[in-house]
file protein-v4.csv (CSV, C-alpha atoms and all ligand atoms)
chain,number,residue,atom,x,y,z
A,865,MET,CA,18.1,163.1,-67.7
A,866,ASN,CA,20.1,166.2,-67.6
A,867,ASP,CA,19.1,169.4,-65.7
A,868,PHE,CA,17.8,171.1,-68.8
A,869,SER,CA,15.4,168.3,-69.8
A,870,ASN,CA,14.3,167.9,-66.2
A,871,ARG,CA,13.4,171.6,-66.2
A,872,ARG,CA,11.5,171.3,-69.5
A,873,LYS,CA,9.6,168.3,-68.1
A,874,PHE,CA,8.8,170.3,-64.9
A,875,LEU,CA,7.6,173.3,-66.9
A,876,SER,CA,5.5,171.1,-69.2
A,877,THR,CA,3.8,169.6,-66.1
A,878,LEU,CA,2.8,173.1,-65.2
A,879,GLY,CA,1.5,173.7,-68.7
A,880,LEU,CA,4.3,176.3,-69.1
A,881,GLY,CA,7.1,176.4,-71.5
A,882,VAL,CA,9.5,178.9,-72.8
A,883,VAL,CA,9.6,179.5,-76.5
A,884,GLY,CA,12.9,180.1,-78.1
A,885,ALA,CA,16.2,181.1,-76.4
A,886,ALA,CA,16.6,184.5,-74.9
A,887,ALA,CA,19.5,186.1,-76.7
A,888,SER,CA,22.2,187.4,-74.4
A,889,ARG,CA,22.1,191.2,-74.2
A,890,PRO,CA,24.5,193.8,-73.1
A,891,PHE,CA,24.1,195.3,-69.6
A,892,THR,CA,21.8,198.2,-70.4
A,893,ALA,CA,20.4,197.1,-73.7
A,894,MET,CA,17.1,198.9,-74.5
A,895,ASP,CA,16.5,197.2,-77.8
A,896,ASP,CA,12.9,196.3,-78.7
A,897,SER,CA,12.5,192.8,-77.4
A,898,ARG,CA,8.8,192.7,-78.4
A,899,ASN,CA,9.6,189.7,-80.6
A,900,ALA,CA,11.6,187.8,-78.0
A,901,SER,CA,10.2,184.6,-76.5
A,902,LEU,CA,6.9,184.8,-74.7
A,903,THR,CA,6.0,182.6,-71.8
A,904,LYS,CA,3.5,179.9,-72.9
A,905,LEU,CA,0.5,178.6,-71.0
A,906,GLY,CA,-0.3,175.3,-72.8
A,907,SER,CA,0.1,176.2,-76.4
A,908,LYS,CA,-0.8,179.9,-75.9
A,909,GLU,CA,1.7,182.7,-75.5
A,910,ILE,CA,0.9,185.1,-72.8
A,911,LYS,CA,0.8,188.8,-73.7
A,912,ILE,CA,-0.3,192.0,-72.0
A,913,THR,CA,-3.4,193.4,-73.8
A,914,ALA,CA,-4.6,196.3,-71.7
A,915,VAL,CA,-3.5,198.7,-68.9
A,916,LYS,CA,-6.2,200.5,-67.0
A,917,THR,CA,-6.2,202.9,-64.0
A,918,TYR,CA,-8.9,203.6,-61.4
A,919,LYS,CA,-8.8,206.7,-59.2
A,920,VAL,CA,-10.6,205.9,-56.0
A,921,PRO,CA,-10.6,207.8,-52.7
A,922,ARG,CA,-7.1,207.7,-51.2
A,923,ALA,CA,-5.8,205.3,-53.8
A,924,ILE,CA,-5.0,204.6,-57.4
A,925,ILE,CA,-5.4,201.1,-58.6
A,926,ILE,CA,-3.8,199.7,-61.8
A,927,LYS,CA,-5.2,196.8,-63.8
A,928,VAL,CA,-3.1,194.8,-66.3
A,929,GLU,CA,-5.0,192.5,-68.6
A,930,THR,CA,-3.7,189.5,-70.6
A,931,ASN,CA,-4.9,187.6,-73.6
A,932,ILE,CA,-5.4,184.4,-71.4
A,933,GLY,CA,-7.9,186.1,-69.2
A,934,VAL,CA,-5.6,186.4,-66.1
A,935,THR,CA,-5.7,189.9,-64.7
A,936,GLY,CA,-3.2,191.5,-62.4
A,937,TRP,CA,-3.9,194.3,-59.9
A,938,GLY,CA,-1.4,196.9,-58.7
A,939,GLU,CA,-1.3,200.1,-56.7
A,940,SER,CA,0.8,203.3,-57.0
A,941,SER,CA,1.3,205.8,-54.2
A,942,PRO,CA,-1.5,208.2,-54.6
A,943,ASN,CA,0.2,211.6,-54.0
A,944,SER,CA,-1.5,213.2,-57.0
A,945,ARG,CA,-3.5,210.4,-58.6
A,946,PRO,CA,-4.0,212.5,-61.9
A,947,VAL,CA,-0.2,212.8,-62.3
A,948,ILE,CA,0.3,209.1,-61.8
A,949,GLU,CA,-2.6,208.2,-64.1
A,950,ALA,CA,-1.2,210.5,-66.9
A,951,PHE,CA,2.3,209.1,-66.5
A,952,ILE,CA,1.0,205.6,-66.9
A,953,HIS,CA,-1.2,206.3,-69.9
A,954,ASP,CA,1.0,208.8,-71.7
A,955,ARG,CA,4.5,207.2,-71.1
A,956,LEU,CA,4.4,203.6,-69.7
A,957,LYS,CA,1.4,201.8,-71.2
A,958,LYS,CA,2.8,201.7,-74.8
A,959,LEU,CA,6.0,200.0,-73.5
A,960,VAL,CA,4.2,197.1,-71.9
A,961,MET,CA,1.4,196.4,-74.5
A,962,GLY,CA,2.0,193.1,-76.3
A,963,ARG,CA,4.8,192.2,-73.9
A,964,ASP,CA,5.2,189.1,-71.7
A,965,PRO,CA,4.0,189.8,-68.1
A,966,PHE,CA,6.7,187.4,-66.8
A,967,ASP,CA,9.4,189.7,-68.1
A,968,VAL,CA,9.4,191.9,-65.0
A,969,GLU,CA,13.1,192.7,-65.1
A,970,PRO,CA,13.5,193.8,-68.7
A,971,LEU,CA,10.2,195.7,-68.5
A,972,TRP,CA,11.3,197.5,-65.3
A,973,ASP,CA,14.5,198.6,-67.1
A,974,GLU,CA,12.6,199.8,-70.1
A,975,LEU,CA,10.0,201.7,-68.1
A,976,PHE,CA,12.7,203.3,-66.0
A,977,TRP,CA,15.4,204.2,-68.5
A,978,LYS,CA,13.1,205.3,-71.3
A,979,GLN,CA,11.5,207.9,-69.0
A,980,HIS,CA,14.5,208.7,-66.9
A,981,ASP,CA,14.7,212.3,-68.1
A,982,LEU,CA,11.3,213.0,-66.6
A,983,GLY,CA,12.7,212.5,-63.2
A,984,PRO,CA,14.1,209.3,-61.6
A,985,SER,CA,12.4,210.1,-58.3
A,986,GLY,CA,8.7,210.5,-57.4
A,987,ALA,CA,6.1,210.1,-60.1
A,988,LEU,CA,8.1,207.7,-62.3
A,989,PRO,CA,9.0,205.0,-59.7
A,990,TYR,CA,5.4,205.4,-58.3
A,991,ALA,CA,3.9,204.7,-61.7
A,992,ILE,CA,6.3,201.8,-62.4
A,993,ALA,CA,5.4,200.3,-59.0
A,994,GLY,CA,1.7,200.1,-60.0
A,995,ILE,CA,2.5,198.2,-63.1
A,996,ASP,CA,5.1,196.0,-61.5
A,997,LEU,CA,2.8,194.9,-58.7
A,998,ALA,CA,0.2,193.9,-61.3
A,999,LEU,CA,2.8,191.9,-63.2
A,1000,TRP,CA,3.8,190.0,-60.1
A,1001,ASP,CA,0.1,189.4,-59.4
A,1002,ILE,CA,-0.3,187.9,-62.9
A,1003,LYS,CA,2.7,185.7,-62.5
A,1004,GLY,CA,1.5,184.3,-59.2
A,1005,LYS,CA,-2.0,183.7,-60.6
A,1006,VAL,CA,-0.7,181.9,-63.7
A,1007,LEU,CA,1.6,179.7,-61.6
A,1008,ASN,CA,-1.0,179.4,-58.8
A,1009,GLN,CA,1.5,180.5,-56.2
A,1010,PRO,CA,1.6,183.4,-53.7
A,1011,VAL,CA,4.1,186.0,-54.9
A,1012,TYR,CA,6.6,185.4,-52.0
A,1013,LYS,CA,7.2,181.9,-53.4
A,1014,LEU,CA,8.4,183.4,-56.7
A,1015,LEU,CA,10.6,185.9,-54.8
A,1016,GLY,CA,12.7,183.1,-53.3
A,1017,GLY,CA,10.4,181.7,-50.6
A,1018,LYS,CA,9.5,182.8,-47.1
A,1019,TYR,CA,11.5,183.6,-44.0
A,1020,ARG,CA,8.3,184.5,-42.0
A,1021,ASP,CA,4.5,184.3,-42.0
A,1022,GLU,CA,3.8,187.5,-40.1
A,1023,ILE,CA,5.3,190.8,-39.0
A,1024,LEU,CA,4.6,193.3,-36.3
A,1025,ALA,CA,2.8,196.4,-37.5
A,1026,TYR,CA,3.0,199.9,-36.2
A,1027,GLY,CA,0.4,202.6,-36.4
A,1028,GLY,CA,1.2,206.3,-36.8
A,1029,ILE,CA,-0.3,209.5,-35.5
A,1030,PRO,CA,0.1,212.7,-37.6
A,1031,LEU,CA,0.8,215.7,-35.5
A,1032,ARG,CA,1.0,218.6,-38.0
A,1033,GLY,CA,4.2,220.0,-36.7
A,1034,GLY,CA,2.8,220.3,-33.2
A,1035,GLN,CA,-0.7,221.8,-34.1
A,1036,VAL,CA,-2.6,218.8,-32.8
A,1037,PRO,CA,-3.8,219.2,-29.2
A,1038,VAL,CA,-1.8,216.8,-26.9
A,1039,ASP,CA,-5.1,215.3,-25.5
A,1040,GLU,CA,-6.1,214.4,-29.1
A,1041,ALA,CA,-2.8,212.7,-29.7
A,1042,VAL,CA,-3.2,210.7,-26.5
A,1043,GLU,CA,-6.7,209.7,-27.5
A,1044,ARG,CA,-5.6,208.6,-31.0
A,1045,ALA,CA,-2.7,206.6,-29.4
A,1046,LEU,CA,-5.2,204.8,-27.1
A,1047,LYS,CA,-7.4,204.0,-30.0
A,1048,LEU,CA,-4.5,202.4,-31.9
A,1049,VAL,CA,-3.7,200.3,-28.9
A,1050,GLU,CA,-7.3,199.3,-28.7
A,1051,LEU,CA,-7.1,198.2,-32.4
A,1052,GLY,CA,-4.3,195.9,-31.4
A,1053,PHE,CA,-1.2,197.9,-32.3
A,1054,LYS,CA,1.8,197.2,-30.1
A,1055,VAL,CA,4.1,199.8,-31.6
A,1056,ILE,CA,3.1,203.5,-32.2
A,1057,LYS,CA,4.9,206.2,-34.0
A,1058,LEU,CA,4.4,209.9,-33.5
A,1059,ARG,CA,4.7,211.6,-36.9
A,1060,MET,CA,5.7,215.1,-36.0
A,1061,GLN,CA,5.6,216.4,-39.7
A,1062,ILE,CA,7.9,219.2,-38.6
A,1063,ARG,CA,9.7,219.8,-41.9
A,1064,GLU,CA,6.4,220.6,-43.6
A,1065,TYR,CA,6.0,223.7,-41.4
A,1066,ASN,CA,9.5,224.5,-40.1
A,1067,LEU,CA,13.0,223.4,-39.3
A,1068,ASP,CA,14.3,223.3,-35.7
A,1069,PRO,CA,11.2,224.9,-34.3
A,1070,ILE,CA,11.3,226.8,-31.0
A,1071,PRO,CA,9.7,225.8,-28.8
A,1072,ASP,CA,10.2,222.2,-29.8
A,1073,PRO,CA,6.9,220.2,-29.9
A,1074,THR,CA,8.3,216.7,-29.7
A,1075,LEU,CA,8.9,216.0,-26.1
A,1076,LYS,CA,5.5,217.0,-24.8
A,1077,TYR,CA,3.8,214.6,-27.1
A,1078,TYR,CA,6.2,211.7,-26.4
A,1079,THR,CA,5.9,212.3,-22.6
A,1080,ALA,CA,2.1,212.4,-22.7
A,1081,VAL,CA,1.6,209.4,-25.0
A,1082,ARG,CA,4.2,207.3,-23.2
A,1083,LYS,CA,2.5,208.0,-19.9
A,1084,ALA,CA,-0.9,207.1,-21.2
A,1085,LEU,CA,0.0,203.8,-22.8
A,1086,PRO,CA,0.8,200.4,-21.3
A,1087,GLY,CA,4.6,199.9,-20.8
A,1088,GLN,CA,4.8,197.0,-23.3
A,1089,VAL,CA,3.6,199.2,-26.1
A,1090,GLU,CA,6.6,200.8,-27.9
A,1091,VAL,CA,6.4,204.5,-28.8
A,1092,PHE,CA,8.9,206.2,-31.2
A,1093,VAL,CA,9.2,209.5,-32.9
A,1094,ASP,CA,9.5,210.6,-36.5
A,1095,PRO,CA,10.3,214.3,-36.8
A,1096,ASN,CA,9.8,213.9,-40.6
A,1097,GLU,CA,13.2,215.5,-41.4
A,1098,GLY,CA,12.5,218.5,-39.2
A,1099,TYR,CA,15.9,218.9,-37.6
A,1100,THR,CA,19.4,219.9,-38.3
A,1101,ALA,CA,22.0,217.6,-36.8
A,1102,ALA,CA,22.5,219.5,-33.5
A,1103,ARG,CA,18.8,219.7,-32.7
A,1104,ALA,CA,18.2,216.1,-33.7
A,1105,ILE,CA,21.0,214.9,-31.5
A,1106,GLN,CA,19.7,217.0,-28.5
A,1107,VAL,CA,16.1,215.8,-28.9
A,1108,GLY,CA,17.1,212.2,-29.8
A,1109,LYS,CA,19.3,211.9,-26.7
A,1110,GLU,CA,16.5,213.1,-24.4
A,1111,LEU,CA,14.1,210.6,-26.0
A,1112,GLU,CA,16.7,207.9,-25.7
A,1113,GLN,CA,17.0,208.6,-22.0
A,1114,MET,CA,13.2,208.4,-21.6
A,1115,GLY,CA,13.3,204.9,-23.1
A,1116,MET,CA,12.6,205.4,-26.7
A,1117,LYS,CA,14.0,202.6,-28.9
A,1118,TYR,CA,13.9,204.0,-32.4
A,1119,PHE,CA,14.3,207.4,-34.1
A,1120,GLU,CA,13.1,208.0,-37.6
A,1121,SER,CA,14.0,210.5,-40.4
A,1122,PRO,CA,15.6,213.1,-38.1
A,1123,CYS,CA,17.1,215.3,-40.8
A,1124,PRO,CA,16.3,216.4,-44.4
A,1125,LEU,CA,17.1,213.7,-46.9
A,1126,GLU,CA,18.9,216.4,-49.0
A,1127,ASN,CA,21.7,216.4,-46.4
A,1128,HIS,CA,22.9,212.9,-45.6
A,1129,ARG,CA,25.9,214.3,-43.6
A,1130,ASP,CA,23.5,215.6,-40.9
A,1131,THR,CA,21.8,212.2,-40.6
A,1132,ALA,CA,25.3,210.6,-40.4
A,1133,GLU,CA,26.1,212.8,-37.4
A,1134,VAL,CA,22.8,211.8,-35.7
A,1135,VAL,CA,23.4,208.1,-36.3
A,1136,ASN,CA,26.9,208.4,-34.8
A,1137,ALA,CA,25.7,210.3,-31.8
A,1138,LEU,CA,22.8,208.2,-30.7
A,1139,GLY,CA,22.8,204.7,-29.3
A,1140,ILE,CA,19.3,203.7,-30.6
A,1141,PRO,CA,18.7,202.7,-34.2
A,1142,VAL,CA,17.9,205.5,-36.7
A,1143,LEU,CA,15.5,204.6,-39.5
A,1144,VAL,CA,15.7,206.5,-42.8
A,1145,GLY,CA,14.7,206.0,-46.4
A,1146,GLU,CA,11.0,206.4,-47.1
A,1147,LYS,CA,11.8,208.9,-49.9
A,1148,CYS,CA,14.6,206.8,-51.4
A,1149,TYR,CA,13.0,205.4,-54.5
A,1150,THR,CA,15.7,203.3,-56.2
A,1151,ARG,CA,18.6,201.0,-55.5
A,1152,TRP,CA,21.0,203.9,-56.3
A,1153,GLN,CA,19.3,206.3,-53.8
A,1154,VAL,CA,19.4,203.7,-51.1
A,1155,ARG,CA,23.1,202.9,-51.9
A,1156,ASP,CA,24.0,206.6,-51.5
A,1157,LEU,CA,21.9,206.8,-48.3
A,1158,ILE,CA,23.8,203.9,-46.8
A,1159,LEU,CA,27.2,205.1,-47.9
A,1160,GLU,CA,26.7,208.7,-46.8
A,1161,ALA,CA,24.3,208.6,-43.8
A,1162,ASN,CA,24.7,205.0,-42.6
A,1163,PRO,CA,21.3,204.6,-41.0
A,1164,ASP,CA,20.7,201.5,-38.9
A,1165,ILE,CA,17.4,200.6,-40.7
A,1166,ILE,CA,16.3,201.5,-44.2
A,1167,GLN,CA,12.6,202.2,-45.0
A,1168,PRO,CA,11.7,202.1,-48.7
A,1169,ASP,CA,8.1,201.9,-49.7
A,1170,VAL,CA,7.0,199.3,-52.3
A,1171,ILE,CA,4.4,201.5,-54.0
A,1172,LYS,CA,6.8,204.4,-54.3
A,1173,ALA,CA,10.2,202.7,-54.9
A,1174,GLY,CA,9.5,201.1,-58.2
A,1175,GLY,CA,7.5,198.0,-57.0
A,1176,ILE,CA,8.5,194.5,-55.9
A,1177,THR,CA,11.2,194.1,-58.5
A,1178,GLU,CA,13.1,197.1,-57.3
A,1179,MET,CA,12.5,196.3,-53.6
A,1180,LYS,CA,14.3,193.0,-53.9
A,1181,LYS,CA,17.3,194.9,-55.2
A,1182,ILE,CA,17.1,197.4,-52.4
A,1183,ALA,CA,16.9,194.6,-49.9
A,1184,ALA,CA,20.0,193.1,-51.4
A,1185,ILE,CA,21.9,196.4,-51.0
A,1186,GLY,CA,20.7,196.4,-47.4
A,1187,GLN,CA,22.0,192.9,-46.9
A,1188,ALA,CA,25.4,193.8,-48.4
A,1189,PHE,CA,25.7,196.4,-45.6
A,1190,PHE,CA,23.9,194.4,-42.9
A,1191,LYS,CA,21.1,196.9,-42.7
A,1192,SER,CA,17.6,195.7,-42.0
A,1193,MET,CA,14.6,197.0,-43.9
A,1194,ALA,CA,11.4,198.3,-42.1
A,1195,LEU,CA,9.1,199.2,-45.0
A,1196,HIS,CA,7.2,202.5,-45.1
A,1197,ASN,CA,3.6,201.6,-46.0
A,1198,THR,CA,0.6,203.8,-46.0
A,1199,LYS,CA,-2.0,201.9,-48.0
A,1200,PRO,CA,-4.0,198.9,-46.6
A,1201,THR,CA,-4.8,196.8,-49.6
A,1202,LEU,CA,-2.5,196.0,-52.6
A,1203,GLY,CA,0.3,198.1,-51.2
A,1204,THR,CA,0.3,196.2,-47.9
A,1205,ALA,CA,0.0,192.9,-49.7
A,1206,ALA,CA,3.0,193.6,-51.9
A,1207,ALA,CA,5.0,194.8,-48.8
A,1208,LEU,CA,4.2,191.6,-47.0
A,1209,HIS,CA,5.4,189.4,-49.9
A,1210,VAL,CA,8.7,191.4,-49.9
A,1211,VAL,CA,9.0,191.2,-46.1
A,1212,ALA,CA,8.3,187.4,-46.2
A,1213,SER,CA,11.0,186.8,-48.8
A,1214,ILE,CA,14.0,188.8,-47.5
A,1215,SER,CA,16.4,187.8,-44.8
A,1216,ASN,CA,16.8,191.3,-43.5
A,1217,ALA,CA,13.2,192.3,-42.7
A,1218,GLY,CA,13.3,194.9,-39.9
A,1219,PRO,CA,11.4,194.8,-36.6
A,1220,PHE,CA,8.1,196.0,-38.0
A,1221,LEU,CA,6.0,197.2,-41.0
A,1222,GLU,CA,4.0,200.4,-41.1
A,1223,PHE,CA,0.2,200.0,-41.2
A,1224,VAL,CA,-2.9,202.2,-41.1
A,1225,GLU,CA,-6.0,202.8,-39.1
A,1226,LEU,CA,-8.5,200.9,-41.2
A,1227,ASP,CA,-11.4,203.1,-40.3
A,1228,THR,CA,-10.2,205.8,-42.6
A,1229,TYR,CA,-9.9,203.4,-45.6
A,1230,GLN,CA,-13.3,201.8,-45.6
A,1231,GLN,CA,-14.0,202.8,-49.2
A,1232,ILE,CA,-10.9,201.2,-50.7
A,1233,LEU,CA,-11.2,198.1,-48.5
A,1234,SER,CA,-14.8,197.6,-49.7
A,1235,VAL,CA,-13.7,196.9,-53.3
A,1236,PHE,CA,-12.0,193.6,-52.3
A,1237,ASP,CA,-13.8,190.4,-51.5
A,1238,ASN,CA,-11.2,189.5,-48.9
A,1239,GLN,CA,-8.8,191.4,-46.6
A,1240,ILE,CA,-5.3,191.1,-45.3
A,1241,GLU,CA,-5.4,189.6,-41.8
A,1242,PHE,CA,-4.3,191.9,-39.0
A,1243,LYS,CA,-4.4,190.2,-35.6
A,1244,ASP,CA,-2.6,190.6,-32.3
A,1245,GLY,CA,-0.8,193.6,-33.7
A,1246,LYS,CA,0.7,191.6,-36.6
A,1247,LEU,CA,0.0,191.4,-40.3
A,1248,GLN,CA,-0.2,188.0,-41.9
A,1249,VAL,CA,1.5,187.3,-45.2
A,1250,PRO,CA,-1.2,186.5,-47.8
A,1251,GLN,CA,-1.3,182.8,-48.9
A,1252,MET,CA,-3.5,183.0,-52.0
A,1253,ALA,CA,-2.1,183.0,-55.5
A,1254,GLY,CA,-0.7,186.3,-56.7
A,1255,LEU,CA,-0.7,189.2,-54.3
A,1256,GLY,CA,-3.6,187.5,-52.5
A,1257,LEU,CA,-6.4,190.0,-52.7
A,1258,VAL,CA,-9.6,189.3,-54.7
A,1259,MET,CA,-10.8,192.4,-56.6
A,1260,ASN,CA,-14.5,193.0,-57.0
A,1261,GLU,CA,-14.5,194.8,-60.3
A,1262,LYS,CA,-18.1,196.0,-60.2
A,1263,LYS,CA,-17.5,197.7,-56.8
A,1264,LEU,CA,-14.2,199.2,-58.0
A,1265,GLU,CA,-15.8,200.6,-61.2
A,1266,LYS,CA,-18.7,202.1,-59.1
A,1267,LEU,CA,-16.3,203.7,-56.6
A,1268,ALA,CA,-14.1,205.1,-59.4
A,1269,GLY,CA,-17.2,206.6,-61.0
B,1,MG,MG,8.6,208.7,-41.9
call {"tool": "encode", "arguments": {"input": "protein-v4.csv", "output": "structure tokens"}}
result
Amino acid sequence: MNDFSNRRKFLSTLGLGVVGAAASRPFTAMDDSRNASLTKLGSKEIKITAVKTYKVPRAIIIKVETNIGVTGWGESSPNSRPVIEAFIHDRLKKLVMGRDPFDVEPLWDELFWKQHDLGPSGALPYAIAGIDLALWDIKGKVLNQPVYKLLGGKYRDEILAYGGIPLRGGQVPVDEAVERALKLVELGFKVIKLRMQIREYNLDPIPDPTLKYYTAVRKALPGQVEVFVDPNEGYTAARAIQVGKELEQMGMKYFESPCPLENHRDTAEVVNALGIPVLVGEKCYTRWQVRDLILEANPDIIQPDVIKAGGITEMKKIAAIGQAFFKSMALHNTKPTLGTAAALHVVASISNAGPFLEFVELDTYQQILSVFDNQIEFKDGKLQVPQMAGLGLVMNEKKLEKLAG
């Protein structure tokens, strides 16, 4: 039996087959492939029949329905939920209706390139991410496999998580910062990040707020707990190098987003001057932005966010660009349910996962956590890769609808 007939036989045992042959297409073809082959389940072709959105506190959830009764759930970054919702309903929904949910690559290209003029950064890749996650959830559920298996298999079962403390450019009392750090340690976190949020208020502030927080928090926590600083792009190169070197001497092991993303040359100077790894990239939303970041700023670790950077499909490409330059990837991640599940499937399936994954204090997300019948496991400071089919979270639709109002 040749390879092709073996494959056909394998697919038929899964109840899956591929109808017709996919015509070869030029590199950026955006022709209407609505009539191209659809994946079959038994004798039935699988099609997308509805796209719905749910605005809930601190999150926006995307539902993609199919004609075979399998439903996928995704999440977009919720910075302005109405904008993301409008983007999906006005621009993206019509492009996926009637299409094959297994066609994640051609669909991603269409969703991105047909709306490219509206801005390749921000709302567009956020909105695409929500749909893309739902498509992967569908694929996993139809094939009865966790998503990481469809992404190439797993390198790891778990990853260290870090918790962040927002410090509003230095307006949070130091005692409060210490208290919050102690609470994160009590919750099991073994790595803590001080989010300085300097750029939102200032650039190169005088006096500089960073060292007093680092000193106080470092002193209050057990030695085995890592503490590192994210100035949130609040420094020019000279100040970042000055503060970064002092922190390095005090034992800090990582330094995140020291300079504005709009000036990669400043970041490159910081990377060259410091001996500790510099992490950058939470606002790089596509493979092209990450390529430019690496070529121009050369950070040690890249930090894309799966619900901002176009979803799982784009994250695999970003990971590959990281691999080409031997950069590891420590995902930015601020949502505890579908966003974290998707991040974990990516982290499981890439060779260059970084030292940790961002996670949140669950207390502040009780409402969104309550709409799922199960939760992602967080134990001993580590997040466990979900093992159920799809993204691995079970949606309670009644609770979701009630919460969305
Ligand atoms: Mg950051």
call {"tool": "residues_around", "arguments": {"input": "protein-v4.csv", "residues": "Val1042 in chain A", "least_positions_apart": "2", "cutoff": "9 Å", "atoms": "all atoms listed in the file", "output": "PyMOL selection string"}}
result
chain A and resi 1037-1040+1044-1047+1077+1080-1082+1084-1085
call {"tool": "residues_near_ligand", "arguments": {"input": "protein-v4.csv", "ligand": "ligand MG 1 (chain B)", "cutoff": "9 Å", "atoms": "all atoms listed in the file", "output": "MDAnalysis selection string"}}
result
chainID A and resid 1059 1061 1094:1097 1120:1121 1143:1147 1167 1196
call {"tool": "residues_near_point", "arguments": {"input": "protein-v4.csv", "point": "(10.0, 190.1, -63.8)", "cutoff": "12 Å", "atoms": "all atoms listed in the file", "output": "ChimeraX atom specification"}}
result
/A:903,963-974,995-1004,1011,1014-1015,1175-1178,1180
call {"tool": "write_last_selection", "arguments": {"input": "protein-v4.csv", "atoms": "C-alpha atoms", "output": "PDB file, keeping the file's coordinate frame"}}
result
ATOM      1  CA  THR A 903       6.000 182.600 -71.800  1.00  0.00           C
ATOM      2  CA  ARG A 963       4.800 192.200 -73.900  1.00  0.00           C
ATOM      3  CA  ASP A 964       5.200 189.100 -71.700  1.00  0.00           C
ATOM      4  CA  PRO A 965       4.000 189.800 -68.100  1.00  0.00           C
ATOM      5  CA  PHE A 966       6.700 187.400 -66.800  1.00  0.00           C
ATOM      6  CA  ASP A 967       9.400 189.700 -68.100  1.00  0.00           C
ATOM      7  CA  VAL A 968       9.400 191.900 -65.000  1.00  0.00           C
ATOM      8  CA  GLU A 969      13.100 192.700 -65.100  1.00  0.00           C
ATOM      9  CA  PRO A 970      13.500 193.800 -68.700  1.00  0.00           C
ATOM     10  CA  LEU A 971      10.200 195.700 -68.500  1.00  0.00           C
ATOM     11  CA  TRP A 972      11.300 197.500 -65.300  1.00  0.00           C
ATOM     12  CA  ASP A 973      14.500 198.600 -67.100  1.00  0.00           C
ATOM     13  CA  GLU A 974      12.600 199.800 -70.100  1.00  0.00           C
ATOM     14  CA  ILE A 995       2.500 198.200 -63.100  1.00  0.00           C
ATOM     15  CA  ASP A 996       5.100 196.000 -61.500  1.00  0.00           C
ATOM     16  CA  LEU A 997       2.800 194.900 -58.700  1.00  0.00           C
ATOM     17  CA  ALA A 998       0.200 193.900 -61.300  1.00  0.00           C
ATOM     18  CA  LEU A 999       2.800 191.900 -63.200  1.00  0.00           C
ATOM     19  CA  TRP A1000       3.800 190.000 -60.100  1.00  0.00           C
ATOM     20  CA  ASP A1001       0.100 189.400 -59.400  1.00  0.00           C
ATOM     21  CA  ILE A1002      -0.300 187.900 -62.900  1.00  0.00           C
ATOM     22  CA  LYS A1003       2.700 185.700 -62.500  1.00  0.00           C
ATOM     23  CA  GLY A1004       1.500 184.300 -59.200  1.00  0.00           C
ATOM     24  CA  VAL A1011       4.100 186.000 -54.900  1.00  0.00           C
ATOM     25  CA  LEU A1014       8.400 183.400 -56.700  1.00  0.00           C
ATOM     26  CA  LEU A1015      10.600 185.900 -54.800  1.00  0.00           C
ATOM     27  CA  GLY A1175       7.500 198.000 -57.000  1.00  0.00           C
ATOM     28  CA  ILE A1176       8.500 194.500 -55.900  1.00  0.00           C
ATOM     29  CA  THR A1177      11.200 194.100 -58.500  1.00  0.00           C
ATOM     30  CA  GLU A1178      13.100 197.100 -57.300  1.00  0.00           C
ATOM     31  CA  LYS A1180      14.300 193.000 -53.900  1.00  0.00           C
TER      32      LYS A1180
END
call {"tool": "closest_residue", "arguments": {"input": "protein-v4.csv", "among": "A:Gly1203, A:Gly1245, A:Gly1052, A:Gly1218", "to": "Pro942 in chain A", "atoms": "all atoms listed in the file"}}
result
A:Gly1203
call {"tool": "residues_around", "arguments": {"input": "protein-v4.csv", "residues": "range 1132-1139 of chain A", "least_positions_apart": "4", "cutoff": "12 Å", "atoms": "all atoms listed in the file", "output": "compact mmCIF listing (two decimals) with C-alpha atoms, in the frame of the given file"}}
result
# COMPACT_ATOMS: atom_id res chain seq x y z
CA GLU A 1097 13.20 215.50 -41.40
CA TYR A 1099 15.90 218.90 -37.60
CA THR A 1100 19.40 219.90 -38.30
CA ALA A 1101 22.00 217.60 -36.80
CA ALA A 1102 22.50 219.50 -33.50
CA ARG A 1103 18.80 219.70 -32.70
CA ALA A 1104 18.20 216.10 -33.70
CA ILE A 1105 21.00 214.90 -31.50
CA GLN A 1106 19.70 217.00 -28.50
CA VAL A 1107 16.10 215.80 -28.90
CA GLY A 1108 17.10 212.20 -29.80
CA LYS A 1109 19.30 211.90 -26.70
CA GLU A 1110 16.50 213.10 -24.40
CA LEU A 1111 14.10 210.60 -26.00
CA GLU A 1112 16.70 207.90 -25.70
CA GLN A 1113 17.00 208.60 -22.00
CA GLY A 1115 13.30 204.90 -23.10
CA MET A 1116 12.60 205.40 -26.70
CA LYS A 1117 14.00 202.60 -28.90
CA TYR A 1118 13.90 204.00 -32.40
CA PHE A 1119 14.30 207.40 -34.10
CA GLU A 1120 13.10 208.00 -37.60
CA SER A 1121 14.00 210.50 -40.40
CA PRO A 1122 15.60 213.10 -38.10
CA CYS A 1123 17.10 215.30 -40.80
CA PRO A 1124 16.30 216.40 -44.40
CA LEU A 1125 17.10 213.70 -46.90
CA ASN A 1127 21.70 216.40 -46.40
CA HIS A 1128 22.90 212.90 -45.60
CA LEU A 1143 15.50 204.60 -39.50
CA VAL A 1144 15.70 206.50 -42.80
CA ASP A 1156 24.00 206.60 -51.50
CA LEU A 1157 21.90 206.80 -48.30
CA ILE A 1158 23.80 203.90 -46.80
CA LEU A 1159 27.20 205.10 -47.90
CA GLU A 1160 26.70 208.70 -46.80
CA ALA A 1161 24.30 208.60 -43.80
CA ASN A 1162 24.70 205.00 -42.60
CA PRO A 1163 21.30 204.60 -41.00
CA ASP A 1164 20.70 201.50 -38.90
CA ILE A 1165 17.40 200.60 -40.70
